[in-house]
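Undergrad: Input input-v3.txt, format and content: compact mmCIF, N, CA and C atoms.
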# COMPACT_ATOMS: atom_id res chain seq x y z
N MET G 214 163.08 105.60 126.10
CA MET G 214 161.66 105.82 125.95
C MET G 214 161.01 105.69 127.32
N GLY G 215 159.78 106.18 127.45
CA GLY G 215 159.07 106.20 128.72
C GLY G 215 158.38 104.89 129.04
N LYS G 216 157.19 105.02 129.57
CA LYS G 216 156.40 103.89 130.04
C LYS G 216 156.09 102.90 128.91
N LYS G 217 156.08 101.63 129.25
CA LYS G 217 155.71 100.57 128.31
C LYS G 217 154.22 100.25 128.48
N PHE G 218 153.56 100.07 127.38
CA PHE G 218 152.13 99.77 127.40
C PHE G 218 151.90 98.38 126.85
N LYS G 219 150.93 97.66 127.43
CA LYS G 219 150.66 96.28 127.03
C LYS G 219 149.87 96.20 125.73
N SER G 220 149.13 97.26 125.41
CA SER G 220 148.31 97.25 124.21
C SER G 220 148.09 98.69 123.73
N PHE G 221 147.62 98.80 122.50
CA PHE G 221 147.30 100.11 121.98
C PHE G 221 146.15 100.74 122.77
N GLU G 222 145.17 99.94 123.17
CA GLU G 222 144.04 100.48 123.94
C GLU G 222 144.50 101.09 125.26
N GLU G 223 145.44 100.42 125.92
CA GLU G 223 145.99 100.97 127.16
C GLU G 223 146.72 102.28 126.87
N TYR G 224 147.49 102.29 125.80
CA TYR G 224 148.19 103.50 125.42
C TYR G 224 147.21 104.62 125.08
N TYR G 225 146.13 104.28 124.38
CA TYR G 225 145.18 105.30 123.94
C TYR G 225 144.55 106.03 125.13
N GLN G 226 144.29 105.31 126.20
CA GLN G 226 143.76 105.97 127.40
C GLN G 226 144.78 106.96 127.97
N PHE G 227 146.04 106.58 127.99
CA PHE G 227 147.11 107.48 128.40
C PHE G 227 147.15 108.70 127.47
N TYR G 228 147.06 108.46 126.19
CA TYR G 228 147.10 109.52 125.19
C TYR G 228 145.96 110.52 125.40
N LEU G 229 144.76 110.00 125.61
CA LEU G 229 143.61 110.88 125.82
C LEU G 229 143.77 111.73 127.07
N SER G 230 144.44 111.20 128.08
CA SER G 230 144.65 111.97 129.32
C SER G 230 145.52 113.20 129.07
N LYS G 231 146.27 113.19 128.00
CA LYS G 231 147.13 114.32 127.64
C LYS G 231 146.44 115.28 126.67
N HIS G 232 145.20 114.99 126.32
CA HIS G 232 144.46 115.79 125.34
C HIS G 232 143.05 116.07 125.86
N THR G 233 142.95 116.88 126.88
CA THR G 233 141.65 117.13 127.50
C THR G 233 140.98 118.42 127.01
N LYS G 234 141.74 119.33 126.46
CA LYS G 234 141.19 120.63 126.06
C LYS G 234 140.91 120.66 124.55
N PRO G 235 139.71 121.14 124.19
CA PRO G 235 139.37 121.21 122.76
C PRO G 235 140.36 122.02 121.92
N ILE G 236 140.93 123.08 122.46
CA ILE G 236 141.87 123.89 121.68
C ILE G 236 143.12 123.07 121.32
N ASN G 237 143.54 122.20 122.22
CA ASN G 237 144.69 121.33 121.93
C ASN G 237 144.32 120.35 120.82
N LYS G 238 143.13 119.79 120.89
CA LYS G 238 142.68 118.88 119.83
C LYS G 238 142.60 119.62 118.50
N PHE G 239 142.17 120.88 118.55
CA PHE G 239 142.09 121.67 117.32
C PHE G 239 143.48 121.87 116.71
N PHE G 240 144.48 122.14 117.55
CA PHE G 240 145.85 122.29 117.03
C PHE G 240 146.33 120.98 116.40
N HIS G 241 145.95 119.86 116.98
CA HIS G 241 146.29 118.57 116.39
C HIS G 241 145.58 118.39 115.05
N LEU G 242 144.32 118.80 114.99
CA LEU G 242 143.58 118.73 113.73
C LEU G 242 144.26 119.57 112.66
N LEU G 243 144.65 120.79 113.01
CA LEU G 243 145.37 121.64 112.06
C LEU G 243 146.65 120.96 111.58
N GLY G 244 147.38 120.38 112.51
CA GLY G 244 148.61 119.68 112.15
C GLY G 244 148.37 118.51 111.22
N ASN G 245 147.31 117.76 111.47
CA ASN G 245 147.01 116.61 110.62
C ASN G 245 146.57 117.05 109.23
N VAL G 246 145.75 118.09 109.16
CA VAL G 246 145.32 118.61 107.85
C VAL G 246 146.53 119.15 107.09
N ALA G 247 147.39 119.89 107.77
CA ALA G 247 148.59 120.42 107.13
C ALA G 247 149.50 119.29 106.64
N THR G 248 149.58 118.23 107.42
CA THR G 248 150.41 117.09 107.03
C THR G 248 149.87 116.43 105.77
N VAL G 249 148.58 116.19 105.73
CA VAL G 249 147.97 115.58 104.54
C VAL G 249 148.19 116.49 103.33
N ALA G 250 147.98 117.79 103.50
CA ALA G 250 148.18 118.73 102.39
C ALA G 250 149.63 118.72 101.93
N PHE G 251 150.55 118.65 102.87
CA PHE G 251 151.97 118.62 102.52
C PHE G 251 152.32 117.37 101.72
N VAL G 252 151.89 116.22 102.21
CA VAL G 252 152.20 114.95 101.53
C VAL G 252 151.56 114.93 100.14
N VAL G 253 150.32 115.35 100.03
CA VAL G 253 149.65 115.39 98.73
C VAL G 253 150.40 116.34 97.78
N SER G 254 150.83 117.48 98.30
CA SER G 254 151.56 118.46 97.47
C SER G 254 152.86 117.89 96.91
N VAL G 255 153.53 117.07 97.71
CA VAL G 255 154.77 116.46 97.24
C VAL G 255 154.50 115.65 95.97
N PHE G 256 153.37 114.94 95.95
CA PHE G 256 153.06 114.10 94.79
C PHE G 256 152.43 114.91 93.66
N VAL G 257 151.55 115.84 93.98
CA VAL G 257 150.89 116.64 92.95
C VAL G 257 151.91 117.48 92.17
N PHE G 258 152.86 118.05 92.89
CA PHE G 258 153.85 118.89 92.24
C PHE G 258 155.11 118.13 91.84
N ASN G 259 155.02 116.78 91.93
CA ASN G 259 156.09 115.91 91.48
C ASN G 259 157.45 116.29 92.10
N LEU G 260 157.42 116.57 93.40
CA LEU G 260 158.64 116.91 94.12
C LEU G 260 159.43 115.65 94.45
N SER G 261 160.66 115.81 94.77
CA SER G 261 161.47 114.69 95.20
C SER G 261 160.86 114.08 96.47
N LEU G 262 160.90 112.77 96.54
CA LEU G 262 160.36 112.10 97.72
C LEU G 262 161.14 112.43 98.99
N TRP G 263 162.31 113.00 98.82
CA TRP G 263 163.09 113.43 99.98
C TRP G 263 162.34 114.47 100.79
N TRP G 264 161.45 115.22 100.16
CA TRP G 264 160.64 116.21 100.86
C TRP G 264 159.80 115.57 101.97
N LEU G 265 159.43 114.31 101.78
CA LEU G 265 158.62 113.62 102.78
C LEU G 265 159.33 113.50 104.13
N LEU G 266 160.65 113.60 104.12
CA LEU G 266 161.38 113.57 105.39
C LEU G 266 161.06 114.77 106.27
N LEU G 267 160.52 115.81 105.67
CA LEU G 267 160.14 117.01 106.43
C LEU G 267 158.76 116.91 107.07
N THR G 268 158.03 115.85 106.79
CA THR G 268 156.66 115.71 107.29
C THR G 268 156.53 115.91 108.80
N PRO G 269 157.41 115.34 109.64
CA PRO G 269 157.27 115.59 111.08
C PRO G 269 157.36 117.07 111.46
N PHE G 270 158.06 117.84 110.66
CA PHE G 270 158.21 119.27 110.96
C PHE G 270 156.98 120.08 110.57
N VAL G 271 156.03 119.42 109.94
CA VAL G 271 154.75 120.07 109.62
C VAL G 271 153.79 119.89 110.78
N VAL G 272 153.65 118.67 111.25
CA VAL G 272 152.64 118.36 112.27
C VAL G 272 153.10 118.67 113.69
N TYR G 273 154.31 118.31 114.03
CA TYR G 273 154.70 118.37 115.44
C TYR G 273 154.81 119.78 116.03
N PRO G 274 155.21 120.79 115.29
CA PRO G 274 155.21 122.13 115.90
C PRO G 274 153.82 122.55 116.38
N LEU G 275 152.78 122.24 115.61
CA LEU G 275 151.43 122.59 116.03
C LEU G 275 151.00 121.79 117.25
N ALA G 276 151.34 120.52 117.27
CA ALA G 276 151.00 119.69 118.43
C ALA G 276 151.71 120.18 119.69
N VAL G 277 152.98 120.50 119.57
CA VAL G 277 153.75 120.97 120.72
C VAL G 277 153.18 122.29 121.25
N VAL G 278 152.80 123.19 120.35
CA VAL G 278 152.19 124.45 120.79
C VAL G 278 150.91 124.17 121.56
N GLY G 279 150.08 123.28 121.06
CA GLY G 279 148.85 122.93 121.75
C GLY G 279 149.10 122.39 123.14
N HIS G 280 150.12 121.57 123.27
CA HIS G 280 150.42 120.99 124.58
C HIS G 280 151.02 122.02 125.53
N LEU G 281 152.01 122.75 125.07
CA LEU G 281 152.72 123.67 125.97
C LEU G 281 151.86 124.87 126.35
N LEU G 282 151.14 125.45 125.40
CA LEU G 282 150.38 126.66 125.70
C LEU G 282 149.01 126.38 126.35
N PHE G 283 148.36 125.32 125.95
CA PHE G 283 146.99 125.13 126.39
C PHE G 283 146.78 123.94 127.32
N GLU G 284 147.54 122.90 127.13
CA GLU G 284 147.35 121.70 127.95
C GLU G 284 148.28 121.69 129.16
N GLY G 285 149.43 122.33 129.02
CA GLY G 285 150.38 122.37 130.13
C GLY G 285 151.11 121.06 130.36
N ASN G 286 151.29 120.27 129.30
CA ASN G 286 152.03 119.01 129.42
C ASN G 286 152.88 118.79 128.17
N MET G 287 153.62 117.72 128.18
CA MET G 287 154.45 117.39 127.03
C MET G 287 153.70 116.42 126.12
N PRO G 288 153.90 116.50 124.81
CA PRO G 288 153.24 115.58 123.89
C PRO G 288 153.60 114.12 124.17
N ALA G 289 152.66 113.24 123.92
CA ALA G 289 152.85 111.82 124.20
C ALA G 289 153.99 111.22 123.39
N PHE G 290 154.22 111.72 122.18
CA PHE G 290 155.26 111.12 121.35
C PHE G 290 156.65 111.31 121.94
N LEU G 291 156.81 112.26 122.85
CA LEU G 291 158.12 112.49 123.48
C LEU G 291 158.37 111.57 124.66
N SER G 292 157.31 111.01 125.23
CA SER G 292 157.48 110.22 126.44
C SER G 292 157.12 108.75 126.29
N SER G 293 156.79 108.34 125.10
CA SER G 293 156.38 106.95 124.92
C SER G 293 156.54 106.54 123.45
N ASN G 294 155.79 105.57 123.03
CA ASN G 294 155.87 104.97 121.71
C ASN G 294 155.41 105.95 120.61
N PRO G 295 156.31 106.43 119.74
CA PRO G 295 155.90 107.40 118.71
C PRO G 295 154.96 106.82 117.66
N ILE G 296 155.04 105.53 117.40
CA ILE G 296 154.11 104.91 116.44
C ILE G 296 152.71 104.89 117.02
N TYR G 297 152.58 104.45 118.28
CA TYR G 297 151.29 104.49 118.95
C TYR G 297 150.77 105.93 119.02
N ALA G 298 151.66 106.88 119.25
CA ALA G 298 151.25 108.29 119.35
C ALA G 298 150.60 108.75 118.05
N LYS G 299 151.18 108.41 116.93
CA LYS G 299 150.61 108.83 115.64
C LYS G 299 149.30 108.10 115.38
N MET G 300 149.23 106.81 115.70
CA MET G 300 147.98 106.07 115.54
C MET G 300 146.88 106.68 116.42
N ALA G 301 147.24 107.00 117.66
CA ALA G 301 146.27 107.58 118.59
C ALA G 301 145.84 108.97 118.13
N ASP G 302 146.76 109.71 117.55
CA ASP G 302 146.45 111.05 117.05
C ASP G 302 145.34 110.99 116.01
N TRP G 303 145.49 110.10 115.05
CA TRP G 303 144.47 109.98 114.00
C TRP G 303 143.16 109.43 114.55
N ARG G 304 143.23 108.49 115.48
CA ARG G 304 142.00 107.96 116.08
C ARG G 304 141.28 109.06 116.87
N MET G 305 142.04 109.82 117.66
CA MET G 305 141.44 110.90 118.44
C MET G 305 140.76 111.91 117.51
N MET G 306 141.43 112.26 116.41
CA MET G 306 140.84 113.23 115.49
C MET G 306 139.53 112.70 114.90
N PHE G 307 139.52 111.44 114.51
CA PHE G 307 138.31 110.84 113.96
C PHE G 307 137.19 110.86 114.99
N GLU G 308 137.51 110.44 116.23
CA GLU G 308 136.49 110.39 117.27
C GLU G 308 136.02 111.79 117.66
N TRP G 309 136.91 112.76 117.63
CA TRP G 309 136.54 114.14 117.96
C TRP G 309 135.63 114.71 116.88
N LEU G 310 136.00 114.52 115.63
CA LEU G 310 135.20 115.05 114.52
C LEU G 310 133.84 114.38 114.38
N THR G 311 133.73 113.13 114.79
CA THR G 311 132.46 112.41 114.70
C THR G 311 131.61 112.53 115.96
N GLY G 312 132.12 113.29 116.95
CA GLY G 312 131.35 113.54 118.16
C GLY G 312 131.48 112.50 119.26
N LYS G 313 132.30 111.50 119.05
CA LYS G 313 132.49 110.49 120.09
C LYS G 313 133.27 111.04 121.27
N LEU G 314 134.17 111.99 121.01
CA LEU G 314 134.92 112.68 122.06
C LEU G 314 134.46 114.12 122.12
N LYS G 315 134.49 114.67 123.31
CA LYS G 315 134.16 116.10 123.49
C LYS G 315 135.42 116.92 123.51
So that I can check it, write out the structure of this file as structure tokens.
TA:
Amino acid sequence: MGKKFKSFEEYYQFYLSKHTKPINKFFHLLGNVATVAFVVSVFVFNLSLWWLLLTPFVVYPLAVVGHLLFEGNMPAFLSSNPIYAKMADWRMMFEWLTGKLK
């Protein structure tokens, strides 16, 4: 794994530095919405819980496209703490949708 961070707040600043373009944030938003829809569908349609193992393949392709095509960098989850990356992803989306982030 990459750099070690002393706190989530320190990590979040690193995470935001990799998400400066609105189009990249939009791709993350699409990925998060698709992920929620996928997880809900597993339960609504009473599918095997094994389907939940595919969840990363719903969100991460959209995030990677946003980074490679528009941001010109690698996603944070590849270079550091993947748990912090997912937490930061949801926080960034909330802050972006509520206008706290541009």
Undergrad: As a short mmCIF file (atom, residue, chain, number, x, y, z; two decimals) with N, CA and C atoms, in the coordinates of the input, which residues of chain G does DSSP assign to helix (DSSP H, G or I)?
TA:
data_model
loop_
_atom_site.label_atom_id
_atom_site.label_comp_id
_atom_site.auth_asym_id
_atom_site.auth_seq_id
_atom_site.Cartn_x
_atom_site.Cartn_y
_atom_site.Cartn_z
N PHE G 221 147.62 98.80 122.50
CA PHE G 221 147.30 100.11 121.98
C PHE G 221 146.15 100.74 122.77
N GLU G 222 145.17 99.94 123.17
CA GLU G 222 144.04 100.48 123.94
C GLU G 222 144.50 101.09 125.26
N GLU G 223 145.44 100.42 125.92
CA GLU G 223 145.99 100.97 127.16
C GLU G 223 146.72 102.28 126.87
N TYR G 224 147.49 102.29 125.80
CA TYR G 224 148.19 103.50 125.42
C TYR G 224 147.21 104.62 125.08
N TYR G 225 146.13 104.28 124.38
CA TYR G 225 145.18 105.30 123.94
C TYR G 225 144.55 106.03 125.13
N GLN G 226 144.29 105.31 126.20
CA GLN G 226 143.76 105.97 127.40
C GLN G 226 144.78 106.96 127.97
N PHE G 227 146.04 106.58 127.99
CA PHE G 227 147.11 107.48 128.40
C PHE G 227 147.15 108.70 127.47
N TYR G 228 147.06 108.46 126.19
CA TYR G 228 147.10 109.52 125.19
C TYR G 228 145.96 110.52 125.40
N LEU G 229 144.76 110.00 125.61
CA LEU G 229 143.61 110.88 125.82
C LEU G 229 143.77 111.73 127.07
N SER G 230 144.44 111.20 128.08
CA SER G 230 144.65 111.97 129.32
C SER G 230 145.52 113.20 129.07
N PRO G 235 139.71 121.14 124.19
CA PRO G 235 139.37 121.21 122.76
C PRO G 235 140.36 122.02 121.92
N ILE G 236 140.93 123.08 122.46
CA ILE G 236 141.87 123.89 121.68
C ILE G 236 143.12 123.07 121.32
N ASN G 237 143.54 122.20 122.22
CA ASN G 237 144.69 121.33 121.93
C ASN G 237 144.32 120.35 120.82
N LYS G 238 143.13 119.79 120.89
CA LYS G 238 142.68 118.88 119.83
C LYS G 238 142.60 119.62 118.50
N PHE G 239 142.17 120.88 118.55
CA PHE G 239 142.09 121.67 117.32
C PHE G 239 143.48 121.87 116.71
N PHE G 240 144.48 122.14 117.55
CA PHE G 240 145.85 122.29 117.03
C PHE G 240 146.33 120.98 116.40
N HIS G 241 145.95 119.86 116.98
CA HIS G 241 146.29 118.57 116.39
C HIS G 241 145.58 118.39 115.05
N LEU G 242 144.32 118.80 114.99
CA LEU G 242 143.58 118.73 113.73
C LEU G 242 144.26 119.57 112.66
N LEU G 243 144.65 120.79 113.01
CA LEU G 243 145.37 121.64 112.06
C LEU G 243 146.65 120.96 111.58
N GLY G 244 147.38 120.38 112.51
CA GLY G 244 148.61 119.68 112.15
C GLY G 244 148.37 118.51 111.22
N ASN G 245 147.31 117.76 111.47
CA ASN G 245 147.01 116.61 110.62
C ASN G 245 146.57 117.05 109.23
N VAL G 246 145.75 118.09 109.16
CA VAL G 246 145.32 118.61 107.85
C VAL G 246 146.53 119.15 107.09
N ALA G 247 147.39 119.89 107.77
CA ALA G 247 148.59 120.42 107.13
C ALA G 247 149.50 119.29 106.64
N THR G 248 149.58 118.23 107.42
CA THR G 248 150.41 117.09 107.03
C THR G 248 149.87 116.43 105.77
N VAL G 249 148.58 116.19 105.73
CA VAL G 249 147.97 115.58 104.54
C VAL G 249 148.19 116.49 103.33
N ALA G 250 147.98 117.79 103.50
CA ALA G 250 148.18 118.73 102.39
C ALA G 250 149.63 118.72 101.93
N PHE G 251 150.55 118.65 102.87
CA PHE G 251 151.97 118.62 102.52
C PHE G 251 152.32 117.37 101.72
N VAL G 252 151.89 116.22 102.21
CA VAL G 252 152.20 114.95 101.53
C VAL G 252 151.56 114.93 100.14
N VAL G 253 150.32 115.35 100.03
CA VAL G 253 149.65 115.39 98.73
C VAL G 253 150.40 116.34 97.78
N SER G 254 150.83 117.48 98.30
CA SER G 254 151.56 118.46 97.47
C SER G 254 152.86 117.89 96.91
N VAL G 255 153.53 117.07 97.71
CA VAL G 255 154.77 116.46 97.24
C VAL G 255 154.50 115.65 95.97
N PHE G 256 153.37 114.94 95.95
CA PHE G 256 153.06 114.10 94.79
C PHE G 256 152.43 114.91 93.66
N VAL G 257 151.55 115.84 93.98
CA VAL G 257 150.89 116.64 92.95
C VAL G 257 151.91 117.48 92.17
N LEU G 262 160.90 112.77 96.54
CA LEU G 262 160.36 112.10 97.72
C LEU G 262 161.14 112.43 98.99
N TRP G 263 162.31 113.00 98.82
CA TRP G 263 163.09 113.43 99.98
C TRP G 263 162.34 114.47 100.79
N TRP G 264 161.45 115.22 100.16
CA TRP G 264 160.64 116.21 100.86
C TRP G 264 159.80 115.57 101.97
N LEU G 265 159.43 114.31 101.78
CA LEU G 265 158.62 113.62 102.78
C LEU G 265 159.33 113.50 104.13
N LEU G 266 160.65 113.60 104.12
CA LEU G 266 161.38 113.57 105.39
C LEU G 266 161.06 114.77 106.27
N LEU G 267 160.52 115.81 105.67
CA LEU G 267 160.14 117.01 106.43
C LEU G 267 158.76 116.91 107.07
N PRO G 269 157.41 115.34 109.64
CA PRO G 269 157.27 115.59 111.08
C PRO G 269 157.36 117.07 111.46
N PHE G 270 158.06 117.84 110.66
CA PHE G 270 158.21 119.27 110.96
C PHE G 270 156.98 120.08 110.57
N VAL G 271 156.03 119.42 109.94
CA VAL G 271 154.75 120.07 109.62
C VAL G 271 153.79 119.89 110.78
N VAL G 272 153.65 118.67 111.25
CA VAL G 272 152.64 118.36 112.27
C VAL G 272 153.10 118.67 113.69
N TYR G 273 154.31 118.31 114.03
CA TYR G 273 154.70 118.37 115.44
C TYR G 273 154.81 119.78 116.03
N PRO G 274 155.21 120.79 115.29
CA PRO G 274 155.21 122.13 115.90
C PRO G 274 153.82 122.55 116.38
N LEU G 275 152.78 122.24 115.61
CA LEU G 275 151.43 122.59 116.03
C LEU G 275 151.00 121.79 117.25
N ALA G 276 151.34 120.52 117.27
CA ALA G 276 151.00 119.69 118.43
C ALA G 276 151.71 120.18 119.69
N VAL G 277 152.98 120.50 119.57
CA VAL G 277 153.75 120.97 120.72
C VAL G 277 153.18 122.29 121.25
N VAL G 278 152.80 123.19 120.35
CA VAL G 278 152.19 124.45 120.79
C VAL G 278 150.91 124.17 121.56
N GLY G 279 150.08 123.28 121.06
CA GLY G 279 148.85 122.93 121.75
C GLY G 279 149.10 122.39 123.14
N HIS G 280 150.12 121.57 123.27
CA HIS G 280 150.42 120.99 124.58
C HIS G 280 151.02 122.02 125.53
N LEU G 281 152.01 122.75 125.07
CA LEU G 281 152.72 123.67 125.97
C LEU G 281 151.86 124.87 126.35
N LEU G 282 151.14 125.45 125.40
CA LEU G 282 150.38 126.66 125.70
C LEU G 282 149.01 126.38 126.35
N PHE G 283 148.36 125.32 125.95
CA PHE G 283 146.99 125.13 126.39
C PHE G 283 146.78 123.94 127.32
N GLU G 284 147.54 122.90 127.13
CA GLU G 284 147.35 121.70 127.95
C GLU G 284 148.28 121.69 129.16
N ALA G 289 152.66 113.24 123.92
CA ALA G 289 152.85 111.82 124.20
C ALA G 289 153.99 111.22 123.39
N PHE G 290 154.22 111.72 122.18
CA PHE G 290 155.26 111.12 121.35
C PHE G 290 156.65 111.31 121.94
N LEU G 291 156.81 112.26 122.85
CA LEU G 291 158.12 112.49 123.48
C LEU G 291 158.37 111.57 124.66
N SER G 292 157.31 111.01 125.23
CA SER G 292 157.48 110.22 126.44
C SER G 292 157.12 108.75 126.29
N PRO G 295 156.31 106.43 119.74
CA PRO G 295 155.90 107.40 118.71
C PRO G 295 154.96 106.82 117.66
N ILE G 296 155.04 105.53 117.40
CA ILE G 296 154.11 104.91 116.44
C ILE G 296 152.71 104.89 117.02
N TYR G 297 152.58 104.45 118.28
CA TYR G 297 151.29 104.49 118.95
C TYR G 297 150.77 105.93 119.02
N ALA G 298 151.66 106.88 119.25
CA ALA G 298 151.25 108.29 119.35
C ALA G 298 150.60 108.75 118.05
N LYS G 299 151.18 108.41 116.93
CA LYS G 299 150.61 108.83 115.64
C LYS G 299 149.30 108.10 115.38
N MET G 300 149.23 106.81 115.70
CA MET G 300 147.98 106.07 115.54
C MET G 300 146.88 106.68 116.42
N ALA G 301 147.24 107.00 117.66
CA ALA G 301 146.27 107.58 118.59
C ALA G 301 145.84 108.97 118.13
N ASP G 302 146.76 109.71 117.55
CA ASP G 302 146.45 111.05 117.05
C ASP G 302 145.34 110.99 116.01
N TRP G 303 145.49 110.10 115.05
CA TRP G 303 144.47 109.98 114.00
C TRP G 303 143.16 109.43 114.55
N ARG G 304 143.23 108.49 115.48
CA ARG G 304 142.00 107.96 116.08
C ARG G 304 141.28 109.06 116.87
N MET G 305 142.04 109.82 117.66
CA MET G 305 141.44 110.90 118.44
C MET G 305 140.76 111.91 117.51
N MET G 306 141.43 112.26 116.41
CA MET G 306 140.84 113.23 115.49
C MET G 306 139.53 112.70 114.90
N PHE G 307 139.52 111.44 114.51
CA PHE G 307 138.31 110.84 113.96
C PHE G 307 137.19 110.86 114.99
N GLU G 308 137.51 110.44 116.23
CA GLU G 308 136.49 110.39 117.27
C GLU G 308 136.02 111.79 117.66
N TRP G 309 136.91 112.76 117.63
CA TRP G 309 136.54 114.14 117.96
C TRP G 309 135.63 114.71 116.88
N LEU G 310 136.00 114.52 115.63
CA LEU G 310 135.20 115.05 114.52
C LEU G 310 133.84 114.38 114.38
#
Undergrad: Just want the 7 Å neighbourhood of Leu275 (chain G), counted on all atoms listed in the file, with same-chain residues fewer than 5 positions away dropped. Output as a ChimeraX atom specification.
TA: /G:240-241,243-244,270,280
Undergrad: Kindly save the residues from that selection, with N, CA and C atoms included, as a short mmCIF file (atom, residue, chain, number, x, y, z; two decimals), in the coordinates of the input.
TA:
data_model
loop_
_atom_site.label_atom_id
_atom_site.label_comp_id
_atom_site.auth_asym_id
_atom_site.auth_seq_id
_atom_site.Cartn_x
_atom_site.Cartn_y
_atom_site.Cartn_z
N PHE G 240 144.48 122.14 117.55
CA PHE G 240 145.85 122.29 117.03
C PHE G 240 146.33 120.98 116.40
N HIS G 241 145.95 119.86 116.98
CA HIS G 241 146.29 118.57 116.39
C HIS G 241 145.58 118.39 115.05
N LEU G 243 144.65 120.79 113.01
CA LEU G 243 145.37 121.64 112.06
C LEU G 243 146.65 120.96 111.58
N GLY G 244 147.38 120.38 112.51
CA GLY G 244 148.61 119.68 112.15
C GLY G 244 148.37 118.51 111.22
N PHE G 270 158.06 117.84 110.66
CA PHE G 270 158.21 119.27 110.96
C PHE G 270 156.98 120.08 110.57
N HIS G 280 150.12 121.57 123.27
CA HIS G 280 150.42 120.99 124.58
C HIS G 280 151.02 122.02 125.53
#
Undergrad: Record the distance separating atom N of Tyr273 (chain G) and atom C of Phe290 (chain G), expressed in Å with one decimal.
TA: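 According to the coordinates, atom N of Tyr273 (chain G) and atom C of Phe290 (chain G) are separated by 10.8 Å.
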Undergrad: Report, in Å to a single decimal, how far apart atom C of Ser261 (chain G) and CA of Thr248 (chain G) are.
TA: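 Value for the CA of Thr248 (chain G)-atom C of Ser261 (chain G) distance: 15.2 Å.
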Undergrad: For region 267-311 of chain G against region 222-226 of chain G, with a cut-off of 8 Å and counting all atoms listed in the file, what is the closest atom pair and its distance in Å to one decimal for every residue that makes the cut, ordered by chain and number, as a tab-separated table?
TA:
residue	atom	partner	partner_atom	distance
G:Tyr297	C	G:Tyr224	C	7.1
G:Ala298	N	G:Tyr224	C	7.7
G:Met300	C	G:Tyr225	CA	7.8
G:Ala301	CA	G:Tyr225	CA	5.9
G:Asp302	N	G:Tyr225	CA	7.9
Undergrad: Show which residues sit within 8 Å of Ser293 (chain G), as a PyMOL selection string. Count only N, CA and C atoms, and ignore same-chain residues fewer than 2 positions away.
TA: chain G and resi 214-218+288-291+295-298
Undergrad: Write out as number ranges by chain each polymer residue whose atoms come within 12 Å of Thr233 (chain G), counting only C-alpha atoms; drop sequence neighbours fewer than 5 positions from it.
TA: G: 226-228, 238-239, 279-280, 283-286, 305, 309, 314-315
Undergrad: To one decimal in Å, tell me the separation between atom N of Val249 (chain G) and atom C of Asn294 (chain G).
TA: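 One can read the atom N of Val249 (chain G) to atom C of Asn294 (chain G) distance as 19.3 Å.
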Undergrad: In terms of the shortest atom-to-atom distance over all atoms listed in the file, which of G:Phe221, G:His232, G:Met287, G:Ala276 is closest to Asn245 (chain G)?
TA: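 Checking each of G:Phe221, G:His232, G:Met287, G:Ala276 against Asn245 (chain G), counting all atoms listed in the file, the winner is G:Ala276.
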Undergrad: Between G:Trp303, G:Pro269, G:Leu282, G:Pro274, which has the minimum distance to Ile236 (chain G) (counting only C-alpha atoms)?
TA: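 Using only C-alpha atoms, Ile236 (chain G) sits closest to G:Leu282.
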Undergrad: Please, what is the axis-aligned box for every listed atom of region 223-241 of chain G with 4 Å on each side, as centre and edge lengths in Å to one decimal, as lines of an AutoDock Vina configuration file?
TA:
center_x = 143.8
center_y = 112.2
center_z = 122.2
size_x = 16.8
size_y = 31.5
size_z = 22.3
Undergrad: Which residue out of G:Leu281, G:Val272, G:Val252, G:Leu265 has the minimum interatomic distance to Lys234 (chain G) when only C-alpha atoms are used?
TA: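 Of G:Leu281, G:Val272, G:Val252, G:Leu265, the one nearest Lys234 (chain G) is G:Leu281, counting only C-alpha atoms.
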Undergrad: From the coordinates supplied, region 229-249 of chain G should be written with C-alpha atoms, as a short mmCIF file (atom, residue, chain, number, x, y, z; two decimals), in the first residue's frame.
TA:
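This went into result12.cif:
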data_model
loop_
_atom_site.label_atom_id
_atom_site.label_comp_id
_atom_site.auth_asym_id
_atom_site.auth_seq_id
_atom_site.Cartn_x
_atom_site.Cartn_y
_atom_site.Cartn_z
CA LEU G 229 -9.73 15.82 -2.52
CA SER G 230 -6.47 16.68 -4.28
CA LYS G 231 -7.20 13.79 -6.65
CA HIS G 232 -10.74 15.03 -7.36
CA THR G 233 -10.50 18.59 -8.65
CA LYS G 234 -12.66 18.41 -11.78
CA PRO G 235 -16.47 18.39 -11.58
CA ILE G 236 -16.74 15.79 -14.37
CA ASN G 237 -14.67 13.37 -12.28
CA LYS G 238 -16.92 13.99 -9.28
CA PHE G 239 -19.91 13.36 -11.54
CA PHE G 240 -18.50 9.98 -12.60
CA HIS G 241 -18.08 9.13 -8.92
CA LEU G 242 -21.68 10.19 -8.29
CA LEU G 243 -22.85 7.92 -11.12
CA GLY G 244 -20.83 5.07 -9.65
CA ASN G 245 -22.29 5.59 -6.18
CA VAL G 246 -25.86 5.77 -7.48
CA ALA G 247 -25.29 2.64 -9.58
CA THR G 248 -23.83 0.89 -6.54
CA VAL G 249 -26.82 1.71 -4.35
#
